[in-house]
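my_file_37.tsv, holding TSV, C-alpha atoms (C1' of nucleotides):
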chain	number	residue	atom	x	y	z
O	1	MET	CA	145.32	4.44	-143.88
O	2	ASP	CA	144.46	7.95	-142.89
O	3	ARG	CA	143.21	6.55	-139.65
O	4	MET	CA	144.23	8.70	-136.75
O	5	ASP	CA	145.28	7.43	-133.35
O	6	THR	CA	141.81	5.95	-133.10
O	7	PRO	CA	141.45	6.82	-129.43
O	8	CYS	CA	138.04	5.22	-129.55
O	9	GLY	CA	138.20	1.53	-128.74
O	10	LEU	CA	134.70	0.79	-129.92
O	11	ASP	CA	135.93	-0.64	-133.16
O	12	VAL	CA	137.95	-3.19	-131.20
O	13	ALA	CA	134.98	-4.21	-129.12
O	14	LEU	CA	132.76	-4.37	-132.18
O	15	ALA	CA	135.28	-6.62	-133.87
O	16	VAL	CA	134.79	-9.06	-131.03
O	17	ILE	CA	131.08	-8.86	-130.29
O	18	GLY	CA	129.89	-7.58	-133.63
O	19	GLY	CA	127.33	-9.63	-135.48
O	20	LYS	CA	123.83	-10.75	-134.96
O	21	TRP	CA	124.33	-13.47	-132.38
O	22	LYS	CA	127.54	-13.00	-130.40
O	23	PRO	CA	126.01	-10.78	-127.71
O	24	LEU	CA	123.24	-13.31	-127.16
O	25	ILE	CA	125.72	-16.18	-127.00
O	26	LEU	CA	127.83	-14.34	-124.48
O	27	PHE	CA	124.77	-13.63	-122.43
O	28	HIS	CA	123.70	-17.25	-122.32
O	29	VAL	CA	127.15	-18.54	-121.53
O	30	GLN	CA	128.01	-16.18	-118.71
O	31	SER	CA	126.09	-18.27	-116.19
O	32	GLY	CA	128.65	-21.05	-116.54
O	33	PRO	CA	129.94	-23.72	-118.92
O	34	THR	CA	127.25	-24.49	-121.41
O	35	ARG	CA	126.96	-27.29	-123.93
O	36	PHE	CA	126.61	-26.62	-127.63
O	37	SER	CA	123.11	-27.98	-127.96
O	38	GLU	CA	122.01	-26.11	-124.88
O	39	ILE	CA	123.31	-22.80	-126.22
O	40	ARG	CA	121.47	-23.48	-129.41
O	41	ARG	CA	118.23	-24.10	-127.59
O	42	ARG	CA	118.64	-21.06	-125.36
O	43	VAL	CA	119.54	-18.64	-128.13
O	44	GLY	CA	116.72	-19.88	-130.29
O	45	GLY	CA	116.45	-19.22	-134.00
O	46	ILE	CA	120.12	-19.68	-134.79
O	47	SER	CA	121.26	-22.37	-137.19
O	48	GLU	CA	123.98	-24.84	-136.29
O	49	LYS	CA	126.32	-23.54	-138.94
O	50	VAL	CA	126.14	-19.99	-137.71
O	51	LEU	CA	126.32	-20.93	-134.05
O	52	ILE	CA	129.45	-22.96	-134.65
O	53	GLN	CA	130.96	-20.13	-136.64
O	54	GLN	CA	130.26	-17.60	-133.90
O	55	LEU	CA	131.50	-19.97	-131.23
O	56	ARG	CA	134.73	-20.54	-133.11
O	57	ASP	CA	135.22	-16.81	-133.52
O	58	LEU	CA	134.70	-16.28	-129.83
O	59	VAL	CA	137.10	-19.08	-128.95
O	60	GLU	CA	139.63	-17.70	-131.38
O	61	MET	CA	139.36	-14.32	-129.70
O	62	LYS	CA	140.03	-15.96	-126.33
O	63	VAL	CA	136.66	-14.83	-125.09
O	64	LEU	CA	135.34	-18.34	-124.75
O	65	LEU	CA	137.01	-21.58	-123.77
O	66	ARG	CA	136.03	-24.74	-125.60
O	67	ARG	CA	136.18	-27.91	-123.58
O	68	ASP	CA	135.96	-31.18	-125.43
O	69	HIS	CA	135.35	-34.09	-123.08
O	70	HIS	CA	136.49	-36.54	-125.74
O	71	CYS	CA	133.75	-39.00	-125.22
O	72	VAL	CA	131.10	-40.58	-127.36
O	73	PRO	CA	128.59	-39.31	-128.04
O	74	PRO	CA	130.43	-35.98	-128.14
O	75	VAL	CA	130.28	-33.70	-125.13
O	76	VAL	CA	131.58	-30.18	-125.57
O	77	ASP	CA	130.95	-27.09	-123.56
O	78	TYR	CA	131.87	-23.46	-123.74
O	79	ALA	CA	132.74	-21.10	-120.90
O	80	LEU	CA	133.89	-17.53	-120.51
O	81	THR	CA	137.61	-17.01	-120.08
O	82	PRO	CA	138.81	-14.40	-117.56
O	83	PHE	CA	139.38	-12.17	-120.57
O	84	GLY	CA	135.85	-12.82	-121.71
O	85	GLU	CA	134.55	-11.90	-118.30
O	86	THR	CA	136.17	-8.47	-118.50
O	87	LEU	CA	134.41	-8.00	-121.80
O	88	VAL	CA	131.06	-9.04	-120.39
O	89	LYS	CA	131.54	-6.61	-117.53
O	90	ALA	CA	132.22	-3.80	-119.95
O	91	LEU	CA	129.12	-4.80	-121.82
O	92	VAL	CA	126.78	-4.40	-118.87
O	93	PRO	CA	126.04	-0.66	-119.25
O	94	LEU	CA	125.32	-1.07	-122.92
O	95	CYS	CA	123.15	-4.08	-122.21
O	96	ASP	CA	121.35	-2.02	-119.64
O	97	TRP	CA	120.91	0.84	-122.07
O	98	GLY	CA	119.51	-1.52	-124.66
O	99	THR	CA	117.09	-3.03	-122.21
O	100	ALA	CA	115.92	0.39	-121.07
O	101	ASN	CA	115.48	1.63	-124.62
O	102	ARG	CA	114.25	-1.50	-126.34
O	103	ASP	CA	110.81	-0.10	-126.91
O	104	VAL	CA	112.11	3.25	-128.02
O	105	VAL	CA	114.41	1.73	-130.58
O	106	SER	CA	111.82	-0.75	-131.81
O	107	ALA	CA	109.28	2.01	-132.24
O	108	ILE	CA	111.72	4.00	-134.31
O	109	LYS	CA	112.96	1.12	-136.42
O	110	ALA	CA	109.64	-0.51	-137.20
O	111	PRO	CA	108.05	2.26	-139.33
O	112	SER	CA	111.30	2.96	-141.13
O	113	ALA	CA	111.32	-0.62	-142.38
O	114	THR	CA	108.65	0.23	-144.95
O	115	GLU	CA	110.59	3.24	-146.18
O	116	ARG	CA	113.87	1.41	-146.47
O	117	GLY	CA	112.24	-1.63	-147.96
O	118	GLY	CA	110.77	0.31	-150.88
H	1	MET	CA	109.56	-17.73	-131.90
H	2	ASP	CA	111.52	-19.72	-129.40
H	3	ARG	CA	113.12	-16.48	-128.40
H	4	MET	CA	112.92	-15.96	-124.70
H	5	ASP	CA	112.32	-12.66	-122.97
H	6	THR	CA	115.65	-11.56	-124.38
H	7	PRO	CA	116.71	-9.97	-121.12
H	8	CYS	CA	119.93	-8.98	-122.85
H	9	GLY	CA	119.67	-5.56	-124.47
H	10	LEU	CA	122.86	-5.91	-126.44
H	11	ASP	CA	120.96	-6.69	-129.60
H	12	VAL	CA	119.17	-3.36	-129.28
H	13	ALA	CA	122.40	-1.47	-128.83
H	14	LEU	CA	124.01	-3.34	-131.69
H	15	ALA	CA	121.10	-2.44	-133.92
H	16	VAL	CA	121.94	1.20	-133.30
H	17	ILE	CA	125.74	1.27	-133.26
H	18	GLY	CA	126.39	-1.85	-135.27
H	19	GLY	CA	128.43	-1.55	-138.40
H	20	LYS	CA	131.91	-0.58	-139.28
H	21	TRP	CA	131.72	3.18	-138.87
H	22	LYS	CA	128.95	4.23	-136.48
H	23	PRO	CA	131.06	4.03	-133.32
H	24	LEU	CA	133.72	6.18	-134.92
H	25	ILE	CA	131.18	8.69	-136.12
H	26	LEU	CA	129.64	8.93	-132.68
H	27	PHE	CA	133.06	9.42	-131.20
H	28	HIS	CA	133.93	12.26	-133.52
H	29	VAL	CA	130.61	14.00	-133.08
H	30	GLN	CA	130.40	13.91	-129.32
H	31	SER	CA	132.61	16.98	-128.98
H	32	GLY	CA	129.86	19.11	-130.50
H	33	PRO	CA	128.04	19.87	-133.74
H	34	THR	CA	130.21	18.76	-136.61
H	35	ARG	CA	129.91	19.39	-140.30
H	36	PHE	CA	129.64	16.60	-142.82
H	37	SER	CA	132.94	17.24	-144.50
H	38	GLU	CA	134.66	17.57	-141.17
H	39	ILE	CA	133.33	14.23	-139.97
H	40	ARG	CA	134.52	12.69	-143.17
H	41	ARG	CA	138.00	14.06	-142.70
H	42	ARG	CA	138.15	13.04	-139.06
H	43	VAL	CA	136.90	9.52	-139.57
H	44	GLY	CA	139.19	8.99	-142.50
H	45	GLY	CA	138.83	6.22	-145.03
H	46	ILE	CA	135.06	6.34	-145.28
H	47	SER	CA	133.36	7.09	-148.58
H	48	GLU	CA	130.73	9.78	-148.89
H	49	LYS	CA	128.04	7.29	-149.73
H	50	VAL	CA	128.65	5.21	-146.67
H	51	LEU	CA	129.06	8.18	-144.37
H	52	ILE	CA	125.75	9.63	-145.49
H	53	GLN	CA	124.08	6.28	-145.06
H	54	GLN	CA	125.41	5.91	-141.52
H	55	LEU	CA	124.51	9.48	-140.68
H	56	ARG	CA	120.99	8.98	-141.94
H	57	ASP	CA	120.64	5.83	-139.89
H	58	LEU	CA	121.85	7.63	-136.80
H	59	VAL	CA	119.49	10.52	-137.41
H	60	GLU	CA	116.65	8.12	-138.01
H	61	MET	CA	117.40	6.47	-134.69
H	62	LYS	CA	117.26	9.85	-132.97
H	63	VAL	CA	120.84	9.51	-131.91
H	64	LEU	CA	122.01	12.40	-134.03
H	65	LEU	CA	120.36	15.66	-134.96
H	66	ARG	CA	120.83	16.96	-138.47
H	67	ARG	CA	120.87	20.71	-138.82
H	68	ASP	CA	120.58	22.15	-142.29
H	69	HIS	CA	121.44	25.83	-142.36
H	70	HIS	CA	119.72	26.21	-145.72
H	71	CYS	CA	122.39	28.35	-147.26
H	72	VAL	CA	124.55	28.13	-150.31
H	73	PRO	CA	126.96	26.51	-150.50
H	74	PRO	CA	125.29	23.96	-148.26
H	75	VAL	CA	126.09	23.95	-144.58
H	76	VAL	CA	124.91	20.99	-142.56
H	77	ASP	CA	126.05	19.74	-139.22
H	78	TYR	CA	125.30	16.82	-136.97
H	79	ALA	CA	125.09	16.76	-133.20
H	80	LEU	CA	124.22	14.25	-130.52
H	81	THR	CA	120.67	14.35	-129.22
H	82	PRO	CA	120.08	13.90	-125.48
H	83	PHE	CA	119.12	10.34	-126.33
H	84	GLY	CA	122.35	9.95	-128.22
H	85	GLU	CA	124.27	11.20	-125.25
H	86	THR	CA	122.85	8.49	-123.03
H	87	LEU	CA	124.02	6.00	-125.59
H	88	VAL	CA	127.50	7.46	-125.73
H	89	LYS	CA	127.68	7.32	-121.96
H	90	ALA	CA	126.74	3.65	-121.98
H	91	LEU	CA	129.42	3.13	-124.59
H	92	VAL	CA	132.25	4.46	-122.47
H	93	PRO	CA	133.14	1.23	-120.60
H	94	LEU	CA	133.18	-0.72	-123.82
H	95	CYS	CA	135.24	1.95	-125.49
H	96	ASP	CA	137.61	1.79	-122.56
H	97	TRP	CA	137.78	-1.99	-122.78
H	98	GLY	CA	138.56	-1.79	-126.45
H	99	THR	CA	141.27	0.75	-125.91
H	100	ALA	CA	142.82	-1.33	-123.14
H	101	ASN	CA	142.71	-4.50	-125.21
H	102	ARG	CA	143.41	-3.15	-128.66
H	103	ASP	CA	146.80	-4.81	-128.87
H	104	VAL	CA	145.53	-8.07	-127.44
H	105	VAL	CA	142.72	-8.28	-129.96
H	106	SER	CA	144.90	-7.21	-132.86
H	107	ALA	CA	147.51	-9.81	-131.97
H	108	ILE	CA	144.87	-12.50	-131.92
H	109	LYS	CA	143.10	-11.44	-135.09
H	110	ALA	CA	146.12	-10.80	-137.26
H	111	PRO	CA	147.52	-14.36	-137.49
H	112	SER	CA	144.08	-15.86	-137.89
H	113	ALA	CA	143.63	-13.82	-141.04
H	114	THR	CA	145.89	-16.19	-142.94
H	115	GLU	CA	143.99	-19.23	-141.70
H	116	ARG	CA	140.59	-17.80	-142.47
H	117	GLY	CA	141.72	-16.42	-145.81
H	118	GLY	CA	142.88	-19.81	-147.09
N	1	DT	C1'	135.01	29.85	-168.46
N	2	DT	C1'	137.09	26.68	-165.57
N	3	DT	C1'	137.94	24.97	-161.10
N	4	DC	C1'	136.96	24.05	-156.44
N	5	DA	C1'	134.29	22.90	-152.30
N	6	DC	C1'	129.91	21.88	-150.44
N	7	DC	C1'	126.27	17.88	-149.27
N	8	DC	C1'	124.04	14.53	-151.25
N	9	DT	C1'	122.40	10.99	-154.88
N	10	DT	C1'	122.54	7.10	-158.09
N	11	DA	C1'	124.23	2.86	-160.39
N	12	DC	C1'	127.09	-0.96	-160.14
N	13	DC	C1'	130.11	-4.30	-157.96
N	14	DT	C1'	132.63	-7.02	-154.17
N	15	DT	C1'	132.93	-8.70	-149.57
N	16	DT	C1'	130.90	-10.21	-145.51
N	17	DT	C1'	127.30	-12.30	-143.06
N	18	DG	C1'	123.56	-15.17	-142.26
N	19	DG	C1'	120.49	-19.13	-143.75
N	20	DT	C1'	119.13	-23.87	-145.84
N	21	DA	C1'	119.98	-28.59	-146.75
N	22	DG	C1'	122.47	-32.49	-146.43
N	23	DG	C1'	126.42	-35.38	-144.69
N	24	DT	C1'	129.74	-37.58	-141.00
N	25	DT	C1'	131.03	-40.61	-136.74
N	26	DC	C1'	129.63	-42.89	-132.93
N	27	DT	C1'	126.36	-45.01	-129.34
N	28	DA	C1'	121.85	-46.17	-127.46
N	29	DT	C1'	117.21	-47.51	-128.27
N	30	DC	C1'	113.39	-49.69	-130.66
X	1	DG	C1'	118.00	-52.40	-139.68
X	2	DA	C1'	115.92	-48.01	-138.68
X	3	DT	C1'	115.75	-44.00	-135.65
X	4	DA	C1'	117.52	-40.57	-132.71
X	5	DG	C1'	120.84	-37.63	-130.48
X	6	DA	C1'	125.43	-35.54	-129.89
X	7	DA	C1'	128.85	-31.86	-132.22
X	8	DC	C1'	130.43	-30.48	-136.35
X	9	DC	C1'	131.37	-30.03	-141.57
X	10	DT	C1'	130.43	-28.89	-146.55
X	11	DA	C1'	128.12	-26.95	-150.69
X	12	DC	C1'	125.18	-23.78	-152.28
X	13	DC	C1'	122.38	-19.49	-151.89
X	14	DA	C1'	120.38	-14.89	-150.41
X	15	DA	C1'	120.64	-10.58	-148.13
X	16	DA	C1'	123.10	-6.88	-146.19
X	17	DA	C1'	126.98	-4.04	-145.75
X	18	DG	C1'	130.57	-1.71	-147.66
X	19	DG	C1'	133.33	0.36	-151.63
X	20	DT	C1'	134.01	2.73	-156.33
X	21	DA	C1'	132.82	5.94	-159.80
X	22	DA	C1'	130.22	9.41	-161.42
X	23	DG	C1'	126.80	13.30	-161.43
X	24	DG	C1'	124.22	17.55	-159.78
X	25	DG	C1'	123.18	22.54	-158.36
X	26	DT	C1'	125.31	26.50	-156.38
X	27	DG	C1'	128.73	30.39	-155.24
X	28	DA	C1'	133.55	31.87	-154.58
X	29	DA	C1'	138.04	32.00	-156.46
X	30	DA	C1'	141.34	31.83	-160.38

Same coordinates, now as structure tokens:
Amino acid sequence: MDRMDTPCGLDVALAVIGGKWKPLILFHVQSGPTRFSEIRRRVGGISEKVLIQQLRDLVEMKVLLRRDHHCVPPVVDYALTPFGETLVKALVPLCDWGTANRDVVSAIKAPSATERGG
Amino acid sequence: MDRMDTPCGLDVALAVIGGKWKPLILFHVQSGPTRFSEIRRRVGGISEKVLIQQLRDLVEMKVLLRRDHHCVPPVVDYALTPFGETLVKALVPLCDWGTANRDVVSAIKAPSATERGG
DNA sequence: TTTCACCCTTACCTTTTGGTAGGTTCTATC
DNA sequence: GATAGAACCTACCAAAAGGTAAGGGTGAAA
């Protein structure tokens, strides 16, 4: 690849938190170990298949820790790893920016939807 | 929707910088107004179609400013808007995190590629 | 005239991502 | 037996994102 030294680490971060749901999942898990069904309820609007997929990705990336209590009916919860906590900390300014500019971005995106859709 | 107040603004930020190339583009433009062909060379590996698409998105989101010098042969350059600069600033910690953990993430992702690919 | 570089466009295709619907194993409840 | 809840899997499908190939109008250089 012609890729240079890539001094910008954004691509790395995006590889971890990219996607439609991962930021939300991280947000809802940072308060402590959370069970699968509870995450699903809190995120809202996500299907089981996708949630599991995202969760597995996050676990694979060592951002989340999956704890299976090996009991019946199944009890599993997910928690941030120390590594995941460093990521969440780095995410705070961006989260803050997004919160501050939610209306601005929405106002810009909404009208463009008709243009792009045609 | 069951969606709560969505106190996490990450989805907003992701809507703006999400995608494979936008972070890189932002990075290469932050040093000052940059011409299309120069961005393409600096990013490396991106096709014209995709670069234009990303650039248009960024302009549409008021993150970048497109300046057409209306001369022949065409001269066009892109620069960060003040709004875009606030975004880039919010991106710094994440960029830093990515840079610091590039090897960690790569080491984790690489072997999983064989599992996921099968 | 041909070639090159410029910025951008279009048509077509592949990969990735997200979504729907149904199934599995087990226990508790009705 | 039927129903419900837990966590997860599988098959199929749709949309979005990304990639490839080609063209277009102009002026400078060969």

Quiz item: Counting all atoms listed in the file, which residues of chain X come no farther than 12 Å from chain H, as a list in words?
Solution: DA16, DA17, DG18, DG19, DT20, DA21, DG25, DT26, DG27 and DA28 of chain X

Self-check item: 9 Å contacts from chain O to chain H using only C-alpha atoms, as a ChimeraX atom specification
Solution: /O:1-4,6-16,18-21,23-24,27,41-45,60-62,86-87,89-102,105-106,108-109,112

Quiz item: Between O:Glu85, O:Arg35, O:Gln30, O:Glu48, which one has atoms that come closest to DG18 (chain N), using only C-alpha atoms (C1' of nucleotides)?
Solution: O:Glu48

Please superimpose chain H upon chain O, fitting all C-alpha atoms matched one to one in order, and report the result as a PDB file with C-alpha atoms, in the frame of the given file.
ATOM      1  CA  MET H   1     146.096   5.865-143.802  1.00  0.00           C
ATOM      2  CA  ASP H   2     144.495   9.087-142.750  1.00  0.00           C
ATOM      3  CA  ARG H   3     143.299   7.248-139.709  1.00  0.00           C
ATOM      4  CA  MET H   4     144.186   9.095-136.578  1.00  0.00           C
ATOM      5  CA  ASP H   5     145.284   7.520-133.330  1.00  0.00           C
ATOM      6  CA  THR H   6     141.830   5.996-133.149  1.00  0.00           C
ATOM      7  CA  PRO H   7     141.466   6.809-129.477  1.00  0.00           C
ATOM      8  CA  CYS H   8     138.056   5.169-129.629  1.00  0.00           C
ATOM      9  CA  GLY H   9     138.232   1.466-128.824  1.00  0.00           C
ATOM     10  CA  LEU H  10     134.727   0.732-129.989  1.00  0.00           C
ATOM     11  CA  ASP H  11     135.983  -0.709-133.237  1.00  0.00           C
ATOM     12  CA  VAL H  12     138.001  -3.247-131.266  1.00  0.00           C
ATOM     13  CA  ALA H  13     135.024  -4.258-129.187  1.00  0.00           C
ATOM     14  CA  LEU H  14     132.820  -4.439-132.249  1.00  0.00           C
ATOM     15  CA  ALA H  15     135.336  -6.696-133.930  1.00  0.00           C
ATOM     16  CA  VAL H  16     134.843  -9.130-131.071  1.00  0.00           C
ATOM     17  CA  ILE H  17     131.122  -8.925-130.323  1.00  0.00           C
ATOM     18  CA  GLY H  18     129.936  -7.660-133.668  1.00  0.00           C
ATOM     19  CA  GLY H  19     127.393  -9.688-135.530  1.00  0.00           C
ATOM     20  CA  LYS H  20     123.878 -10.775-134.995  1.00  0.00           C
ATOM     21  CA  TRP H  21     124.367 -13.497-132.407  1.00  0.00           C
ATOM     22  CA  LYS H  22     127.577 -13.030-130.415  1.00  0.00           C
ATOM     23  CA  PRO H  23     126.055 -10.804-127.731  1.00  0.00           C
ATOM     24  CA  LEU H  24     123.289 -13.313-127.172  1.00  0.00           C
ATOM     25  CA  ILE H  25     125.723 -16.183-127.007  1.00  0.00           C
ATOM     26  CA  LEU H  26     127.862 -14.358-124.486  1.00  0.00           C
ATOM     27  CA  PHE H  27     124.797 -13.624-122.439  1.00  0.00           C
ATOM     28  CA  HIS H  28     123.703 -17.229-122.328  1.00  0.00           C
ATOM     29  CA  VAL H  29     127.148 -18.536-121.512  1.00  0.00           C
ATOM     30  CA  GLN H  30     128.018 -16.172-118.711  1.00  0.00           C
ATOM     31  CA  SER H  31     126.095 -18.244-116.174  1.00  0.00           C
ATOM     32  CA  GLY H  32     128.655 -21.024-116.525  1.00  0.00           C
ATOM     33  CA  PRO H  33     129.912 -23.723-118.876  1.00  0.00           C
ATOM     34  CA  THR H  34     127.203 -24.474-121.380  1.00  0.00           C
ATOM     35  CA  ARG H  35     126.879 -27.251-123.887  1.00  0.00           C
ATOM     36  CA  PHE H  36     126.526 -26.616-127.585  1.00  0.00           C
ATOM     37  CA  SER H  37     123.025 -27.945-127.900  1.00  0.00           C
ATOM     38  CA  GLU H  38     121.948 -26.056-124.829  1.00  0.00           C
ATOM     39  CA  ILE H  39     123.264 -22.773-126.190  1.00  0.00           C
ATOM     40  CA  ARG H  40     121.432 -23.448-129.386  1.00  0.00           C
ATOM     41  CA  ARG H  41     118.181 -24.022-127.567  1.00  0.00           C
ATOM     42  CA  ARG H  42     118.620 -20.978-125.364  1.00  0.00           C
ATOM     43  CA  VAL H  43     119.542 -18.596-128.137  1.00  0.00           C
ATOM     44  CA  GLY H  44     116.739 -19.833-130.311  1.00  0.00           C
ATOM     45  CA  GLY H  45     116.473 -19.226-134.021  1.00  0.00           C
ATOM     46  CA  ILE H  46     120.139 -19.708-134.809  1.00  0.00           C
ATOM     47  CA  SER H  47     121.267 -22.428-137.191  1.00  0.00           C
ATOM     48  CA  GLU H  48     123.959 -24.900-136.246  1.00  0.00           C
ATOM     49  CA  LYS H  49     126.299 -23.621-138.898  1.00  0.00           C
ATOM     50  CA  VAL H  50     126.118 -20.069-137.710  1.00  0.00           C
ATOM     51  CA  LEU H  51     126.306 -20.972-134.046  1.00  0.00           C
ATOM     52  CA  ILE H  52     129.446 -23.007-134.606  1.00  0.00           C
ATOM     53  CA  GLN H  53     130.958 -20.209-136.626  1.00  0.00           C
ATOM     54  CA  GLN H  54     130.259 -17.664-133.892  1.00  0.00           C
ATOM     55  CA  LEU H  55     131.511 -20.016-131.216  1.00  0.00           C
ATOM     56  CA  ARG H  56     134.713 -20.614-133.118  1.00  0.00           C
ATOM     57  CA  ASP H  57     135.229 -16.898-133.534  1.00  0.00           C
ATOM     58  CA  LEU H  58     134.701 -16.346-129.837  1.00  0.00           C
ATOM     59  CA  VAL H  59     137.086 -19.142-128.953  1.00  0.00           C
ATOM     60  CA  GLU H  60     139.622 -17.797-131.391  1.00  0.00           C
ATOM     61  CA  MET H  61     139.376 -14.415-129.715  1.00  0.00           C
ATOM     62  CA  LYS H  62     140.026 -16.031-126.343  1.00  0.00           C
ATOM     63  CA  VAL H  63     136.678 -14.890-125.100  1.00  0.00           C
ATOM     64  CA  LEU H  64     135.327 -18.393-124.751  1.00  0.00           C
ATOM     65  CA  LEU H  65     136.981 -21.633-123.760  1.00  0.00           C
ATOM     66  CA  ARG H  66     135.974 -24.780-125.581  1.00  0.00           C
ATOM     67  CA  ARG H  67     136.102 -27.945-123.543  1.00  0.00           C
ATOM     68  CA  ASP H  68     135.857 -31.225-125.382  1.00  0.00           C
ATOM     69  CA  HIS H  69     135.224 -34.112-123.026  1.00  0.00           C
ATOM     70  CA  HIS H  70     136.339 -36.579-125.685  1.00  0.00           C
ATOM     71  CA  CYS H  71     133.573 -39.043-125.083  1.00  0.00           C
ATOM     72  CA  VAL H  72     130.895 -40.605-127.182  1.00  0.00           C
ATOM     73  CA  PRO H  73     128.395 -39.296-127.894  1.00  0.00           C
ATOM     74  CA  PRO H  74     130.279 -36.018-128.030  1.00  0.00           C
ATOM     75  CA  VAL H  75     130.147 -33.704-125.062  1.00  0.00           C
ATOM     76  CA  VAL H  76     131.485 -30.208-125.533  1.00  0.00           C
ATOM     77  CA  ASP H  77     130.884 -27.105-123.526  1.00  0.00           C
ATOM     78  CA  TYR H  78     131.843 -23.472-123.719  1.00  0.00           C
ATOM     79  CA  ALA H  79     132.716 -21.126-120.891  1.00  0.00           C
ATOM     80  CA  LEU H  80     133.894 -17.560-120.523  1.00  0.00           C
ATOM     81  CA  THR H  81     137.619 -17.063-120.091  1.00  0.00           C
ATOM     82  CA  PRO H  82     138.836 -14.452-117.594  1.00  0.00           C
ATOM     83  CA  PHE H  83     139.411 -12.229-120.602  1.00  0.00           C
ATOM     84  CA  GLY H  84     135.878 -12.880-121.722  1.00  0.00           C
ATOM     85  CA  GLU H  85     134.597 -11.924-118.329  1.00  0.00           C
ATOM     86  CA  THR H  86     136.222  -8.517-118.534  1.00  0.00           C
ATOM     87  CA  LEU H  87     134.465  -8.053-121.824  1.00  0.00           C
ATOM     88  CA  VAL H  88     131.111  -9.072-120.418  1.00  0.00           C
ATOM     89  CA  LYS H  89     131.597  -6.639-117.571  1.00  0.00           C
ATOM     90  CA  ALA H  90     132.293  -3.820-120.004  1.00  0.00           C
ATOM     91  CA  LEU H  91     129.164  -4.844-121.856  1.00  0.00           C
ATOM     92  CA  VAL H  92     126.843  -4.415-118.906  1.00  0.00           C
ATOM     93  CA  PRO H  93     126.105  -0.670-119.290  1.00  0.00           C
ATOM     94  CA  LEU H  94     125.374  -1.106-122.957  1.00  0.00           C
ATOM     95  CA  CYS H  95     123.216  -4.104-122.239  1.00  0.00           C
ATOM     96  CA  ASP H  96     121.400  -2.034-119.661  1.00  0.00           C
ATOM     97  CA  TRP H  97     120.963   0.818-122.119  1.00  0.00           C
ATOM     98  CA  GLY H  98     119.556  -1.541-124.682  1.00  0.00           C
ATOM     99  CA  THR H  99     117.146  -3.042-122.227  1.00  0.00           C
ATOM    100  CA  ALA H 100     115.990   0.391-121.096  1.00  0.00           C
ATOM    101  CA  ASN H 101     115.536   1.611-124.653  1.00  0.00           C
ATOM    102  CA  ARG H 102     114.317  -1.524-126.356  1.00  0.00           C
ATOM    103  CA  ASP H 103     110.849  -0.135-126.934  1.00  0.00           C
ATOM    104  CA  VAL H 104     112.152   3.230-128.058  1.00  0.00           C
ATOM    105  CA  VAL H 105     114.450   1.676-130.625  1.00  0.00           C
ATOM    106  CA  SER H 106     111.858  -0.810-131.814  1.00  0.00           C
ATOM    107  CA  ALA H 107     109.295   1.946-132.260  1.00  0.00           C
ATOM    108  CA  ILE H 108     111.732   3.931-134.340  1.00  0.00           C
ATOM    109  CA  LYS H 109     112.971   1.042-136.444  1.00  0.00           C
ATOM    110  CA  ALA H 110     109.658  -0.605-137.185  1.00  0.00           C
ATOM    111  CA  PRO H 111     108.025   2.145-139.297  1.00  0.00           C
ATOM    112  CA  SER H 112     111.241   2.867-141.136  1.00  0.00           C
ATOM    113  CA  ALA H 113     111.247  -0.699-142.389  1.00  0.00           C
ATOM    114  CA  THR H 114     108.544   0.142-144.903  1.00  0.00           C
ATOM    115  CA  GLU H 115     110.445   3.179-146.151  1.00  0.00           C
ATOM    116  CA  ARG H 116     113.735   1.369-146.470  1.00  0.00           C
ATOM    117  CA  GLY H 117     112.115  -1.696-147.994  1.00  0.00           C
ATOM    118  CA  GLY H 118     110.541   0.261-150.852  1.00  0.00           C
TER     119      GLY H 118
END

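If you count all atoms listed in the file and draw a sphere of 12 Å around (131.2, -30.4, -153.0), the protein and nucleic acid residues inside it come out as DG22 and DG23 of chain N; DC9, DT10, DA11 and DC12 of chain X.
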
Quiz item: With all atoms listed in the file as the basis for distance, which of H:Leu55, H:Val29, H:Val75, H:Leu80 is at the shortest distance from chain N?
Solution: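 Distance minimum relative to chain N lands on H:Val75.
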
Quiz item: chain N residues within 9 Å of chain O, counting all atoms listed in the file: which ones, as a ChimeraX atom specification?
Solution: /N:17-19,26-27

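Straight-line separation from CA of Gln54 (chain O) to CA of Thr34 (chain O): 14.6 Å.
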